Amino acid sequence: MSETFTKAMARNIFYGGAVFFFLLFLALTFDTIQTLPKRDHRENITDSVVRGKHIWETRNCVGCHTILGEGAYFAPELGNVYKRRGGEFIKGWIKSQPTGAPGRRQMPQFNLTDQQLDDVVEFLKWTSEIDTNKWPPNIEG
Amino acid sequence: MQFKSQAVAKPYFIAAIALFAGQILFGLIMGFQYVVGDFLFPLIPFNVARMVHTNLLIVWILFGFMGAAYYLIPEEAETELFSPKLAILMFWIFLVAGALTIVGYLTVPYATLAAMTGNDMLATMGREFLEQPLPTKIGIVIVALAFLFNISMTVLKGRKTSISLVLLLGLWGLAIFFLFSFYNPSNLVLDKYFWWWTVHLWVEGVWELILGAMLAFVLIKITGVDREVIEKWLYVIIAMTLITGIIGTGHHYFWIGTPEYWQWFGSVFSALEPIPFFMMTVFAFNMVNRRRREHPNKAATLWALGTGVMAFLGAGVWGFLHTLAPVNFYTHGSQITAAHGHMAFYGAYVMVNLTMISYAMPMLRGRSANSPSAQVLEMWSFWLMTVSIVFITLFLTAAGILQIWLQRMGETPMSFMAAQDQIMLFYWLREAAGFVFLLGLVLYIWSFFKKGEVQTVA
């Protein structure tokens, strides 16, 4: 780099750039937070949905599955599983694990109660209604 | 080694390498579970292996960063560390907390672990990479604060170089953005939005400051190029990092319920994120070409050059590959993400730590460089690990393209598992490349025990 461009100038670009773009990021975040209620339908977050998310977390579902594309890539996307399979299928599936089919990927048995199964379904139903800009590309996730 | 207290870096580096080995073993287990689904089930289900794999990675990189800071800061500040005792105490706290966490993952069902550790009081667990129980998270904060206090006090009482300031800024940022891991709203969209404030602003933000400072330090030492030149480069690189990377967070806000304008902000700014990585490559080669001394540690030079190239390929090129919103619409959450993740983490954060360890460990053992035969072994490990991570990335990329083609494009998309069955070949190849990586790692560890004639520090 040329001699006319000094270390002090580089340092000022760093501090100036970092501060400017962090403030822009905060402004965009502020706007996003204002807009979100129209997109996440938070009025539908019932106690059951809240409990369902807690079960989702404490069984580490995200260690194998993705939800809205984030998580592990070992098992199917579940952000839209409510629309793909429906609530009854989901409950039946969770209850019947593991399949024990030799050589196939296995899901643990979590021994959830009927109430807990309903909560998980409610959480996945609410999640499937988030406005995700039409992602995923199709129902398979 | 110019200051006695730099010696506290040694246990940090040793722990980092040991945990690195653990990370790779669990990676191989997961890779095998991809092809033989019920391998080790129910003893070690995939999600448990994955937690261990990713958490060990994070913890060993943090050990590496801390060791690097304890080695680098006294030399830059030209003074002894503020408190070597505190550094050693924190080492043991962090190691025990880390080990207990891994043992907890492996021996107790996750839901039980959550109930045992106060997750019902303040729920923070069960989110990707932030799976640690509450006491571990609090422990990380305590260790980070004590560590930051220690090195900040050292800088305050000594010489203040740009390298130390950038390193401090990066490490303080690391601690501050980790605090978002305690925020877990029941609204999944908000949860995800701020989860990225820890994850993205770490790896595509403040960690790059740490990386830049570590690389700049090693380059000054091995090339003897004027500090003014190197620090100017450092500032330009990290300026570009934050100018592109902060708004670049938007590339995670395409499909998680956040407004559509993020597709523009995220695409444009993250498309520029390869620039600082490209500059890092040019920087490393430029400095080595302009070297004013022939440092006997050839292996460290190789690692430093490798960091520039592989960080650019993994984070820069493989990141760009799927960062534009119209492309990401198809690639989001596929094996393409996994491909990028592997090469980016290896190229940037694994390699910069191994660069630092390669330079500093011989010094900590009282020599300016290891014996030529030990260095040859280390350079073999460099090539084996680096080439195999390239192949892991290529195989995962092939798997990802096929997965997207079968599952997300066309008139009759396959289900997830049907598509997985079709791409099994590439998972086998990935696992084979993983074993080559392990071989490289074994050689790497062996190189520390390789005897031979060494130059002692005058």
# chains A, B, ... in the order shown; residues from 1 in each chain; ligands from 1
>>> interface_residues(of="chain A", to="chain B", cutoff="7 Å", atoms="only C-alpha atoms", output="NGL selection string")
:A and (7 or 10-11 or 13-14 or 17-18 or 21-22 or 25 or 32 or 36 or 39-40 or 50 or 53 or 57-60 or 62-64 or 66 or 68-71 or 73 or 76 or 102-106 or 130-133 or 135 or 137-138 or 140)
>>> residues_around(residues="segment 55-60 of chain B", least_positions_apart="2", cutoff="8 Å", atoms="only C-alpha atoms", output="PyMOL selection string")
chain B and resi 15-17+19-20+22-23+51-53+62-64+98+129
>>> write_last_selection(atoms="N, CA, C and O atoms", output="PDB file, in the first residue's frame")
ATOM      1  N   ALA B  15      -4.454 -27.982  25.938  1.00  0.00           N
ATOM      2  CA  ALA B  15      -5.880 -28.313  26.068  1.00  0.00           C
ATOM      3  C   ALA B  15      -6.591 -28.138  24.732  1.00  0.00           C
ATOM      4  O   ALA B  15      -7.432 -28.960  24.344  1.00  0.00           O
ATOM      5  N   ALA B  16      -6.244 -27.082  24.015  1.00  0.00           N
ATOM      6  CA  ALA B  16      -6.885 -26.837  22.722  1.00  0.00           C
ATOM      7  C   ALA B  16      -6.671 -28.025  21.793  1.00  0.00           C
ATOM      8  O   ALA B  16      -7.621 -28.529  21.176  1.00  0.00           O
ATOM      9  N   ILE B  17      -5.438 -28.514  21.727  1.00  0.00           N
ATOM     10  CA  ILE B  17      -5.148 -29.624  20.806  1.00  0.00           C
ATOM     11  C   ILE B  17      -5.861 -30.898  21.258  1.00  0.00           C
ATOM     12  O   ILE B  17      -6.406 -31.651  20.441  1.00  0.00           O
ATOM     13  N   LEU B  19      -8.703 -31.153  22.916  1.00  0.00           N
ATOM     14  CA  LEU B  19     -10.126 -31.043  22.615  1.00  0.00           C
ATOM     15  C   LEU B  19     -10.372 -31.116  21.110  1.00  0.00           C
ATOM     16  O   LEU B  19     -11.404 -31.636  20.659  1.00  0.00           O
ATOM     17  N   PHE B  20      -9.427 -30.592  20.330  1.00  0.00           N
ATOM     18  CA  PHE B  20      -9.485 -30.693  18.867  1.00  0.00           C
ATOM     19  C   PHE B  20      -9.574 -32.165  18.469  1.00  0.00           C
ATOM     20  O   PHE B  20     -10.415 -32.563  17.645  1.00  0.00           O
ATOM     21  N   GLY B  22     -10.702 -34.620  20.266  1.00  0.00           N
ATOM     22  CA  GLY B  22     -12.046 -35.087  20.622  1.00  0.00           C
ATOM     23  C   GLY B  22     -13.074 -34.650  19.589  1.00  0.00           C
ATOM     24  O   GLY B  22     -13.953 -35.425  19.188  1.00  0.00           O
ATOM     25  N   GLN B  23     -12.971 -33.431  19.151  1.00  0.00           N
ATOM     26  CA  GLN B  23     -13.910 -32.908  18.149  1.00  0.00           C
ATOM     27  C   GLN B  23     -13.884 -33.775  16.883  1.00  0.00           C
ATOM     28  O   GLN B  23     -14.945 -34.109  16.331  1.00  0.00           O
ATOM     29  N   MET B  51     -23.664 -32.164  19.220  1.00  0.00           N
ATOM     30  CA  MET B  51     -23.408 -31.177  20.281  1.00  0.00           C
ATOM     31  C   MET B  51     -21.966 -31.247  20.733  1.00  0.00           C
ATOM     32  O   MET B  51     -21.304 -30.230  20.934  1.00  0.00           O
ATOM     33  N   VAL B  52     -21.481 -32.491  20.926  1.00  0.00           N
ATOM     34  CA  VAL B  52     -20.100 -32.657  21.394  1.00  0.00           C
ATOM     35  C   VAL B  52     -19.137 -32.125  20.329  1.00  0.00           C
ATOM     36  O   VAL B  52     -18.192 -31.393  20.633  1.00  0.00           O
ATOM     37  N   HIS B  53     -19.396 -32.468  19.068  1.00  0.00           N
ATOM     38  CA  HIS B  53     -18.536 -32.035  17.943  1.00  0.00           C
ATOM     39  C   HIS B  53     -18.466 -30.504  17.866  1.00  0.00           C
ATOM     40  O   HIS B  53     -17.378 -29.929  17.823  1.00  0.00           O
ATOM     41  N   LEU B  62     -11.763 -21.246  21.668  1.00  0.00           N
ATOM     42  CA  LEU B  62     -11.654 -20.251  22.736  1.00  0.00           C
ATOM     43  C   LEU B  62     -10.371 -20.469  23.548  1.00  0.00           C
ATOM     44  O   LEU B  62      -9.683 -19.511  23.912  1.00  0.00           O
ATOM     45  N   PHE B  63     -10.050 -21.755  23.828  1.00  0.00           N
ATOM     46  CA  PHE B  63      -8.776 -22.043  24.507  1.00  0.00           C
ATOM     47  C   PHE B  63      -7.608 -21.496  23.683  1.00  0.00           C
ATOM     48  O   PHE B  63      -6.678 -20.891  24.218  1.00  0.00           O
ATOM     49  N   GLY B  64      -7.673 -21.704  22.372  1.00  0.00           N
ATOM     50  CA  GLY B  64      -6.611 -21.221  21.492  1.00  0.00           C
ATOM     51  C   GLY B  64      -6.497 -19.703  21.515  1.00  0.00           C
ATOM     52  O   GLY B  64      -5.407 -19.148  21.616  1.00  0.00           O
ATOM     53  N   GLY B  98     -15.800 -27.235  30.967  1.00  0.00           N
ATOM     54  CA  GLY B  98     -15.961 -27.814  29.630  1.00  0.00           C
ATOM     55  C   GLY B  98     -16.092 -29.322  29.690  1.00  0.00           C
ATOM     56  O   GLY B  98     -16.982 -29.911  29.069  1.00  0.00           O
ATOM     57  N   PHE B 129     -25.569 -24.636  18.761  1.00  0.00           N
ATOM     58  CA  PHE B 129     -24.272 -24.125  19.259  1.00  0.00           C
ATOM     59  C   PHE B 129     -24.360 -23.527  20.668  1.00  0.00           C
ATOM     60  O   PHE B 129     -23.341 -23.331  21.316  1.00  0.00           O
TER      61      PHE B 129
END
>>> select_by_dssp(residues="segment 40-73 of chain A", states="alpha helix (DSSP H)", output="tab-separated table (two decimals) with N, CA, C and O atoms, in the first residue's frame")
chain	number	residue	atom	x	y	z
A	40	ASP	N	-45.07	-12.52	12.26
A	40	ASP	CA	-44.94	-13.72	13.11
A	40	ASP	C	-46.25	-14.10	13.80
A	40	ASP	O	-46.31	-15.13	14.48
A	47	ASP	N	-50.14	-20.34	25.53
A	47	ASP	CA	-49.31	-21.02	26.53
A	47	ASP	C	-48.82	-22.36	26.00
A	47	ASP	O	-47.71	-22.79	26.28
A	48	SER	N	-49.69	-23.00	25.24
A	48	SER	CA	-49.33	-24.30	24.69
A	48	SER	C	-48.15	-24.17	23.72
A	48	SER	O	-47.23	-25.00	23.73
A	49	VAL	N	-48.16	-23.11	22.89
A	49	VAL	CA	-47.05	-22.88	21.95
A	49	VAL	C	-45.75	-22.65	22.73
A	49	VAL	O	-44.69	-23.20	22.40
A	50	VAL	N	-45.85	-21.87	23.80
A	50	VAL	CA	-44.67	-21.57	24.63
A	50	VAL	C	-44.11	-22.87	25.22
A	50	VAL	O	-42.90	-23.12	25.17
A	51	ARG	N	-45.02	-23.71	25.77
A	51	ARG	CA	-44.56	-24.99	26.33
A	51	ARG	C	-43.97	-25.87	25.24
A	51	ARG	O	-42.99	-26.58	25.45
A	52	GLY	N	-44.58	-25.83	24.08
A	52	GLY	CA	-44.09	-26.64	22.95
A	52	GLY	C	-42.68	-26.26	22.56
A	52	GLY	O	-41.84	-27.12	22.30
A	53	LYS	N	-42.40	-24.96	22.55
A	53	LYS	CA	-41.04	-24.52	22.21
A	53	LYS	C	-40.05	-25.01	23.26
A	53	LYS	O	-38.93	-25.41	22.95
A	54	HIS	N	-40.50	-25.00	24.52
A	54	HIS	CA	-39.63	-25.48	25.60
A	54	HIS	C	-39.30	-26.97	25.42
A	54	HIS	O	-38.16	-27.39	25.64
A	55	ILE	N	-40.30	-27.73	25.00
A	55	ILE	CA	-40.05	-29.16	24.76
A	55	ILE	C	-39.11	-29.32	23.56
A	55	ILE	O	-38.17	-30.12	23.58
A	56	TRP	N	-39.37	-28.54	22.53
A	56	TRP	CA	-38.49	-28.53	21.34
A	56	TRP	C	-37.04	-28.33	21.76
A	56	TRP	O	-36.12	-29.02	21.29
A	57	GLU	N	-36.82	-27.39	22.68
A	57	GLU	CA	-35.45	-27.06	23.09
A	57	GLU	C	-34.86	-28.13	24.01
A	57	GLU	O	-33.71	-28.55	23.82
A	58	THR	N	-35.64	-28.58	24.99
A	58	THR	CA	-35.06	-29.49	25.98
A	58	THR	C	-34.89	-30.90	25.44
A	58	THR	O	-34.23	-31.72	26.09
>>> atom_distance(atom1="atom CA of His251 of chain B", atom2="atom CA of Arg430 of chain B")
27.0 Å
>>> atom_distance(atom1="atom CA of Val81 of chain A", atom2="atom CA of Cys61 of chain A")
13.3 Å
